[in-house]
Amino acid sequence: MSADEAQDNHHDLSYREDIPRVRTREGVELYAETNGEGGITVTTLNNFFFSAPFWREYTEELVKHYRVLSYDLCNHGQSSRVEREPTWEEHAEDLIGLLDALGIESTYLIGTSASTQLARDVALAHPDRVRGMVLAGPVVGPQGMRRHRGLQRAWLRTLNSYGMPELYSHMYPEVISTDMNEETGTPGFLGLRESFLAMSTAEELNNGLTLAQQGDPSPELLTRVQTPTLIALGDDDILLGPTAGQELAALFPKGRLALMPKAGHVPFLDDPEGFQEIVRKFVDEVESDV
């Protein structure tokens, strides 16, 4: 992304008022939108920092080939608020309830950062509902999860001591690649900050970052995932280097690695078109093997 593109980069974060919320369990209704007409469904999973509308810009090519489902997690965005923060198990239950309500028998999952743990858990608990997974900037596995939880503890301290603008300033150089930081400069920093502050509240981020500290980090879990899995890793990801990415992919019985040059922890921010092409190639390969 060039500096000029960053200057003009304003995410459409508007919600569609004509979309009814989808009931997934007692007391929970989720905001969910679908785009595209393909027979195959690709579902995006938020990582507590993103909202459903944010994904539109990063799935523009995918919707030409697949049905893309994006939704807000319970207690986030335009989905239901419940008194107690949902567990990972309840987030997984919500996703299955959403698929049931929409008549989707199985789907590909795109998880990013913290939501790669949700993708893993759904694939383990409901293997028949997940055709394949793309884990972008994954935090599953021993090294990534340890580092990620350490970062999140630091982010929580910044959030609770200084607020969301300072949290963004703290996170930006850790999450965004060196090349994107240098190429887009101040316009890129300010443009993404506007979206960051609009998508979440401090309470939502506090709860999400706290939940992300939980869950089983055991690498043995990954060896039991029979779902075809693609690790989409930026080679400038602060959590995992290329060697660690290869080792992580090897833990999955049907794992493979796609390395994105000069991309950071959220690689589709650096190269939206390249990321979507990686997803398309993966889906096509999996479908050809069915």
# chains A, B, ... in the order shown; residues from 1 in each chain; ligands from 1
>>> closest_atom_pairs(of="range 41-153 of chain A", to="range 227-236 of chain A", cutoff="8 Å", atoms="only C-alpha atoms", output="CSV")
residue,atom,partner,partner_atom,distance
A:Ala123,CA,A:Thr227,CA,6.6
A:Pro127,CA,A:Thr227,CA,6.7
A:Val130,CA,A:Thr227,CA,6.9
A:Arg131,CA,A:Thr227,CA,6.6
A:Gly132,CA,A:Pro228,CA,4.8
A:Met133,CA,A:Thr229,CA,4.8
A:Val134,CA,A:Leu230,CA,4.8
A:Leu135,CA,A:Ile231,CA,5.0
A:Ala136,CA,A:Ala232,CA,4.6
A:Gly137,CA,A:Leu233,CA,5.4
A:Pro138,CA,A:Ile231,CA,7.1
>>> select_by_dssp(residues="range 138-241 of chain A", states="helix (DSSP H, G or I)", output="JSON, numbers by chain")
{"A": [142, 143, 144, 145, 146, 147, 148, 149, 150, 151, 152, 153, 154, 155, 156, 157, 158, 159, 160, 161, 162, 164, 165, 166, 167, 168, 169, 170, 171, 172, 173, 174, 175, 178, 179, 180, 181, 182, 183, 184, 185, 186, 187, 188, 189, 190, 191, 192, 193, 194, 195, 196, 197, 198, 199, 202, 203, 204, 205, 206, 207, 208, 209, 210, 211, 219, 220, 221, 222, 223, 224]}
>>> closest_residue(among="A:Ala258, A:Val139, A:Met180, A:Val63", to="Leu240 in chain A", atoms="only C-alpha atoms")
A:Val139
>>> atom_distance(atom1="CA of Leu251 in chain A", atom2="CA of Ala154 in chain A")
28.6 Å
>>> residues_around(residues="range 90-102 of chain A", least_positions_apart="6", cutoff="12 Å", atoms="only C-alpha atoms", output="MDAnalysis selection string")
chainID A and resid 20:34 41:48 67 69:76 79:80 82 84 108:109 115:130 208 211
>>> write_last_selection(atoms="C-alpha atoms", output="PDB file, in the first residue's frame")
ATOM      1  CA  PRO A  20     -31.913  -9.269  10.698  1.00  0.00           C
ATOM      2  CA  ARG A  21     -29.775 -10.590  13.543  1.00  0.00           C
ATOM      3  CA  VAL A  22     -29.374 -14.380  13.669  1.00  0.00           C
ATOM      4  CA  ARG A  23     -30.220 -16.250  16.867  1.00  0.00           C
ATOM      5  CA  THR A  24     -27.501 -18.789  17.741  1.00  0.00           C
ATOM      6  CA  ARG A  25     -28.321 -19.737  21.344  1.00  0.00           C
ATOM      7  CA  GLU A  26     -30.448 -18.528  24.241  1.00  0.00           C
ATOM      8  CA  GLY A  27     -30.080 -14.757  24.568  1.00  0.00           C
ATOM      9  CA  VAL A  28     -27.616 -14.379  21.686  1.00  0.00           C
ATOM     10  CA  GLU A  29     -28.251 -12.914  18.254  1.00  0.00           C
ATOM     11  CA  LEU A  30     -25.370 -12.187  15.892  1.00  0.00           C
ATOM     12  CA  TYR A  31     -24.962  -9.548  13.213  1.00  0.00           C
ATOM     13  CA  ALA A  32     -23.930 -11.432  10.075  1.00  0.00           C
ATOM     14  CA  GLU A  33     -23.682 -10.406   6.443  1.00  0.00           C
ATOM     15  CA  THR A  34     -23.024 -12.472   3.353  1.00  0.00           C
ATOM     16  CA  THR A  41     -18.812 -20.490   1.708  1.00  0.00           C
ATOM     17  CA  VAL A  42     -15.800 -18.775   3.254  1.00  0.00           C
ATOM     18  CA  THR A  43     -16.323 -17.481   6.798  1.00  0.00           C
ATOM     19  CA  THR A  44     -14.144 -14.804   8.391  1.00  0.00           C
ATOM     20  CA  LEU A  45     -13.449 -14.878  12.119  1.00  0.00           C
ATOM     21  CA  ASN A  46     -12.836 -11.653  14.023  1.00  0.00           C
ATOM     22  CA  ASN A  47      -9.982 -11.285  16.492  1.00  0.00           C
ATOM     23  CA  PHE A  48     -11.650  -8.716  18.834  1.00  0.00           C
ATOM     24  CA  ARG A  67     -20.120 -16.800  -0.681  1.00  0.00           C
ATOM     25  CA  LEU A  69     -19.836 -14.774   5.529  1.00  0.00           C
ATOM     26  CA  SER A  70     -18.638 -12.192   8.052  1.00  0.00           C
ATOM     27  CA  TYR A  71     -20.127 -11.698  11.500  1.00  0.00           C
ATOM     28  CA  ASP A  72     -19.577  -9.956  14.821  1.00  0.00           C
ATOM     29  CA  LEU A  73     -18.735 -12.092  17.809  1.00  0.00           C
ATOM     30  CA  CYS A  74     -21.120 -12.026  20.752  1.00  0.00           C
ATOM     31  CA  ASN A  75     -20.380  -8.962  22.934  1.00  0.00           C
ATOM     32  CA  HIS A  76     -18.795  -7.136  20.022  1.00  0.00           C
ATOM     33  CA  SER A  79     -24.174  -8.574  18.018  1.00  0.00           C
ATOM     34  CA  SER A  80     -25.888  -9.258  21.347  1.00  0.00           C
ATOM     35  CA  VAL A  82     -24.505 -10.689  27.473  1.00  0.00           C
ATOM     36  CA  ARG A  84     -20.738 -12.641  31.230  1.00  0.00           C
ATOM     37  CA  TYR A 108     -13.825 -22.599   4.965  1.00  0.00           C
ATOM     38  CA  LEU A 109     -12.608 -20.513   7.903  1.00  0.00           C
ATOM     39  CA  SER A 115      -9.213 -15.972  16.153  1.00  0.00           C
ATOM     40  CA  THR A 116      -6.923 -18.685  14.770  1.00  0.00           C
ATOM     41  CA  GLN A 117      -7.496 -20.351  18.147  1.00  0.00           C
ATOM     42  CA  LEU A 118     -11.258 -20.241  17.547  1.00  0.00           C
ATOM     43  CA  ALA A 119     -10.764 -21.784  14.090  1.00  0.00           C
ATOM     44  CA  ARG A 120      -8.673 -24.576  15.621  1.00  0.00           C
ATOM     45  CA  ASP A 121     -11.281 -25.292  18.291  1.00  0.00           C
ATOM     46  CA  VAL A 122     -14.158 -25.410  15.793  1.00  0.00           C
ATOM     47  CA  ALA A 123     -12.213 -27.753  13.508  1.00  0.00           C
ATOM     48  CA  LEU A 124     -11.539 -30.071  16.437  1.00  0.00           C
ATOM     49  CA  ALA A 125     -15.079 -30.072  17.808  1.00  0.00           C
ATOM     50  CA  HIS A 126     -16.947 -30.009  14.482  1.00  0.00           C
ATOM     51  CA  PRO A 127     -14.672 -31.429  11.771  1.00  0.00           C
ATOM     52  CA  ASP A 128     -17.616 -32.136   9.479  1.00  0.00           C
ATOM     53  CA  ARG A 129     -18.493 -28.407   9.358  1.00  0.00           C
ATOM     54  CA  VAL A 130     -15.038 -27.114   8.367  1.00  0.00           C
ATOM     55  CA  GLY A 208     -11.285  -9.874  24.267  1.00  0.00           C
ATOM     56  CA  LEU A 211     -10.154 -14.132  26.848  1.00  0.00           C
TER      57      LEU A 211
END
>>> residues_around(residues="Glu204 in chain A", least_positions_apart="2", cutoff="10 Å", atoms="only C-alpha atoms", output="ChimeraX atom specification")
/A:48-49,75-77,85,199-202,206-210
>>> write_last_selection(atoms="N, CA, C and O atoms", output="CSV table (one decimal), in the first residue's frame")
chain,number,residue,atom,x,y,z
A,48,PHE,N,-11.3,-9.7,17.8
A,48,PHE,CA,-11.6,-8.7,18.8
A,48,PHE,C,-11.3,-7.3,18.4
A,48,PHE,O,-11.8,-6.3,19.0
A,49,PHE,N,-10.4,-7.1,17.4
A,49,PHE,CA,-10.1,-5.8,16.9
A,49,PHE,C,-10.9,-5.4,15.7
A,49,PHE,O,-10.9,-4.3,15.3
A,75,ASN,N,-21.0,-10.0,22.1
A,75,ASN,CA,-20.4,-9.0,22.9
A,75,ASN,C,-19.4,-8.0,22.1
A,75,ASN,O,-18.6,-7.4,22.7
A,76,HIS,N,-19.6,-8.0,20.8
A,76,HIS,CA,-18.8,-7.1,20.0
A,76,HIS,C,-19.6,-6.6,18.8
A,76,HIS,O,-20.5,-7.3,18.3
A,77,GLY,N,-19.3,-5.4,18.4
A,77,GLY,CA,-20.0,-4.8,17.3
A,77,GLY,C,-21.5,-4.7,17.5
A,77,GLY,O,-21.9,-4.2,18.5
A,85,GLU,N,-18.8,-12.5,29.8
A,85,GLU,CA,-18.1,-12.6,28.5
A,85,GLU,C,-18.1,-14.1,28.1
A,85,GLU,O,-17.8,-15.0,28.9
A,199,MET,N,-14.0,0.6,15.6
A,199,MET,CA,-14.5,-0.8,15.6
A,199,MET,C,-14.8,-1.4,17.0
A,199,MET,O,-15.5,-2.4,17.1
A,200,SER,N,-14.2,-0.8,18.0
A,200,SER,CA,-14.3,-1.5,19.3
A,200,SER,C,-14.4,-0.4,20.4
A,200,SER,O,-13.9,0.7,20.2
A,201,THR,N,-14.9,-0.8,21.5
A,201,THR,CA,-14.8,0.0,22.7
A,201,THR,C,-13.7,-0.5,23.6
A,201,THR,O,-13.2,-1.7,23.5
A,202,ALA,N,-13.3,0.3,24.6
A,202,ALA,CA,-12.2,-0.2,25.5
A,202,ALA,C,-12.7,-1.4,26.3
A,202,ALA,O,-11.9,-2.3,26.5
A,206,ASN,N,-10.8,-5.0,26.3
A,206,ASN,CA,-10.3,-5.5,27.5
A,206,ASN,C,-10.8,-7.0,27.7
A,206,ASN,O,-10.0,-7.9,28.0
A,207,ASN,N,-12.1,-7.2,27.4
A,207,ASN,CA,-12.6,-8.5,27.5
A,207,ASN,C,-12.0,-9.5,26.5
A,207,ASN,O,-11.7,-10.6,26.9
A,208,GLY,N,-11.8,-9.0,25.3
A,208,GLY,CA,-11.3,-9.9,24.3
A,208,GLY,C,-9.8,-10.2,24.5
A,208,GLY,O,-9.4,-11.4,24.4
A,209,LEU,N,-9.0,-9.3,25.0
A,209,LEU,CA,-7.6,-9.6,25.3
A,209,LEU,C,-7.5,-10.5,26.5
A,209,LEU,O,-6.6,-11.3,26.6
A,210,THR,N,-8.4,-10.3,27.4
A,210,THR,CA,-8.4,-11.2,28.6
A,210,THR,C,-8.8,-12.6,28.2
A,210,THR,O,-8.1,-13.6,28.6
>>> atom_distance(atom1="CA of Ile238 in chain A", atom2="CA of Phe268 in chain A")
15.0 Å
>>> atom_distance(atom1="CA of Trp155 in chain A", atom2="CA of Leu205 in chain A")
9.7 Å
>>> residues_around(residues="Phe54 in chain A", least_positions_apart="3", cutoff="8 Å", atoms="only C-alpha atoms", output="PyMOL selection string")
chain A and resi 11-13+50-51+57-58
>>> residues_around(residues="Ala250 in chain A", least_positions_apart="3", cutoff="12 Å", atoms="only C-alpha atoms", output="list of chain:residue names")
A:Gly141, A:Pro219, A:Glu220, A:Leu222, A:Thr223, A:Val225, A:Pro228, A:Thr229, A:Leu230, A:Ile231, A:Thr243, A:Ala244, A:Gly245, A:Gln246, A:Glu247, A:Pro253, A:Lys254, A:Gly255, A:Arg256, A:Leu257
>>> residues_around(residues="Glu277 in chain A", least_positions_apart="4", cutoff="9 Å", atoms="only C-alpha atoms", output="list in words")
Glu61, Leu62, Pro272, Glu273, Lys281 and Phe282 of chain A
>>> closest_residue(among="A:Gly103, A:Gly163, A:Pro217, A:Pro187", to="His148 in chain A", atoms="only C-alpha atoms")
A:Pro217
>>> closest_residue(among="A:Arg149, A:Leu192, A:Glu285, A:Ser218", to="Ser169 in chain A", atoms="only C-alpha atoms")
A:Leu192
>>> decode(residues="range 195-210 of chain A", atoms="all heavy atoms", output="compact mmCIF listing (two decimals), in the first residue's frame")
# COMPACT_ATOMS: atom_id res chain seq x y z
N SER A 195 -10.05 3.67 11.85
CA SER A 195 -10.84 2.45 11.82
C SER A 195 -10.74 1.70 13.15
O SER A 195 -11.73 1.18 13.66
CB SER A 195 -10.38 1.55 10.67
OG SER A 195 -10.57 2.18 9.43
N PHE A 196 -9.53 1.62 13.67
CA PHE A 196 -9.30 0.91 14.94
C PHE A 196 -10.19 1.47 16.05
O PHE A 196 -10.85 0.72 16.78
CB PHE A 196 -7.82 1.04 15.31
CG PHE A 196 -7.46 0.45 16.65
CD1 PHE A 196 -7.13 -0.89 16.77
CD2 PHE A 196 -7.44 1.23 17.80
CE1 PHE A 196 -6.79 -1.45 17.99
CE2 PHE A 196 -7.10 0.69 19.03
CZ PHE A 196 -6.78 -0.65 19.12
N LEU A 197 -10.23 2.79 16.18
CA LEU A 197 -11.00 3.41 17.26
C LEU A 197 -12.50 3.29 17.02
O LEU A 197 -13.27 3.33 17.99
CB LEU A 197 -10.60 4.88 17.39
CG LEU A 197 -9.16 5.14 17.81
CD1 LEU A 197 -8.86 6.64 17.81
CD2 LEU A 197 -8.87 4.55 19.18
N ALA A 198 -12.90 3.11 15.75
CA ALA A 198 -14.33 3.02 15.45
C ALA A 198 -14.89 1.62 15.63
O ALA A 198 -16.10 1.45 15.82
CB ALA A 198 -14.58 3.48 14.01
N MET A 199 -14.04 0.60 15.60
CA MET A 199 -14.54 -0.78 15.57
C MET A 199 -14.78 -1.38 16.95
O MET A 199 -15.48 -2.39 17.06
CB MET A 199 -13.58 -1.67 14.78
CG MET A 199 -13.69 -1.48 13.29
SD MET A 199 -12.77 -2.72 12.35
CE MET A 199 -11.09 -2.19 12.60
N SER A 200 -14.19 -0.84 18.01
CA SER A 200 -14.29 -1.47 19.32
C SER A 200 -14.35 -0.42 20.41
O SER A 200 -13.93 0.73 20.21
CB SER A 200 -13.08 -2.39 19.59
OG SER A 200 -12.93 -3.36 18.58
N THR A 201 -14.86 -0.82 21.55
CA THR A 201 -14.78 0.01 22.75
C THR A 201 -13.66 -0.52 23.63
O THR A 201 -13.19 -1.65 23.46
CB THR A 201 -16.10 -0.02 23.53
OG1 THR A 201 -16.30 -1.35 24.06
CG2 THR A 201 -17.28 0.36 22.64
N ALA A 202 -13.27 0.28 24.60
CA ALA A 202 -12.22 -0.16 25.53
C ALA A 202 -12.67 -1.41 26.29
O ALA A 202 -11.87 -2.33 26.52
CB ALA A 202 -11.88 0.96 26.50
N GLU A 203 -13.94 -1.47 26.65
CA GLU A 203 -14.45 -2.63 27.38
C GLU A 203 -14.38 -3.88 26.52
O GLU A 203 -13.98 -4.96 26.99
CB GLU A 203 -15.89 -2.39 27.83
CG GLU A 203 -16.50 -3.56 28.59
CD GLU A 203 -17.94 -3.32 29.01
OE1 GLU A 203 -18.51 -2.30 28.59
OE2 GLU A 203 -18.49 -4.16 29.75
N GLU A 204 -14.77 -3.76 25.24
CA GLU A 204 -14.72 -4.92 24.34
C GLU A 204 -13.28 -5.43 24.18
O GLU A 204 -13.04 -6.64 24.22
CB GLU A 204 -15.29 -4.53 22.98
CG GLU A 204 -16.80 -4.33 22.99
CD GLU A 204 -17.31 -3.72 21.71
OE1 GLU A 204 -16.49 -3.23 20.90
OE2 GLU A 204 -18.54 -3.71 21.50
N LEU A 205 -12.34 -4.51 24.02
CA LEU A 205 -10.95 -4.93 23.85
C LEU A 205 -10.40 -5.53 25.14
O LEU A 205 -9.66 -6.51 25.11
CB LEU A 205 -10.09 -3.74 23.42
CG LEU A 205 -10.32 -3.25 21.99
CD1 LEU A 205 -9.34 -2.14 21.65
CD2 LEU A 205 -10.20 -4.39 20.98
N ASN A 206 -10.77 -4.96 26.27
CA ASN A 206 -10.32 -5.52 27.55
C ASN A 206 -10.81 -6.96 27.70
O ASN A 206 -10.03 -7.86 28.04
CB ASN A 206 -10.84 -4.66 28.70
CG ASN A 206 -10.27 -5.06 30.05
OD1 ASN A 206 -10.38 -6.22 30.44
ND2 ASN A 206 -9.70 -4.12 30.77
N ASN A 207 -12.08 -7.17 27.42
CA ASN A 207 -12.65 -8.52 27.54
C ASN A 207 -12.03 -9.48 26.53
O ASN A 207 -11.73 -10.64 26.85
CB ASN A 207 -14.16 -8.47 27.36
CG ASN A 207 -14.86 -7.74 28.49
OD1 ASN A 207 -14.30 -7.58 29.58
ND2 ASN A 207 -16.08 -7.28 28.25
N GLY A 208 -11.84 -9.01 25.29
CA GLY A 208 -11.28 -9.87 24.27
C GLY A 208 -9.84 -10.25 24.55
O GLY A 208 -9.45 -11.41 24.40
N LEU A 209 -9.03 -9.28 24.95
CA LEU A 209 -7.63 -9.56 25.27
C LEU A 209 -7.50 -10.47 26.48
O LEU A 209 -6.58 -11.29 26.56
CB LEU A 209 -6.88 -8.25 25.50
CG LEU A 209 -6.61 -7.40 24.25
CD1 LEU A 209 -6.09 -6.03 24.65
CD2 LEU A 209 -5.64 -8.09 23.32
N THR A 210 -8.43 -10.33 27.42
CA THR A 210 -8.43 -11.21 28.58
C THR A 210 -8.77 -12.64 28.17
O THR A 210 -8.12 -13.60 28.61
CB THR A 210 -9.42 -10.71 29.65
OG1 THR A 210 -9.04 -9.39 30.07
CG2 THR A 210 -9.44 -11.63 30.85
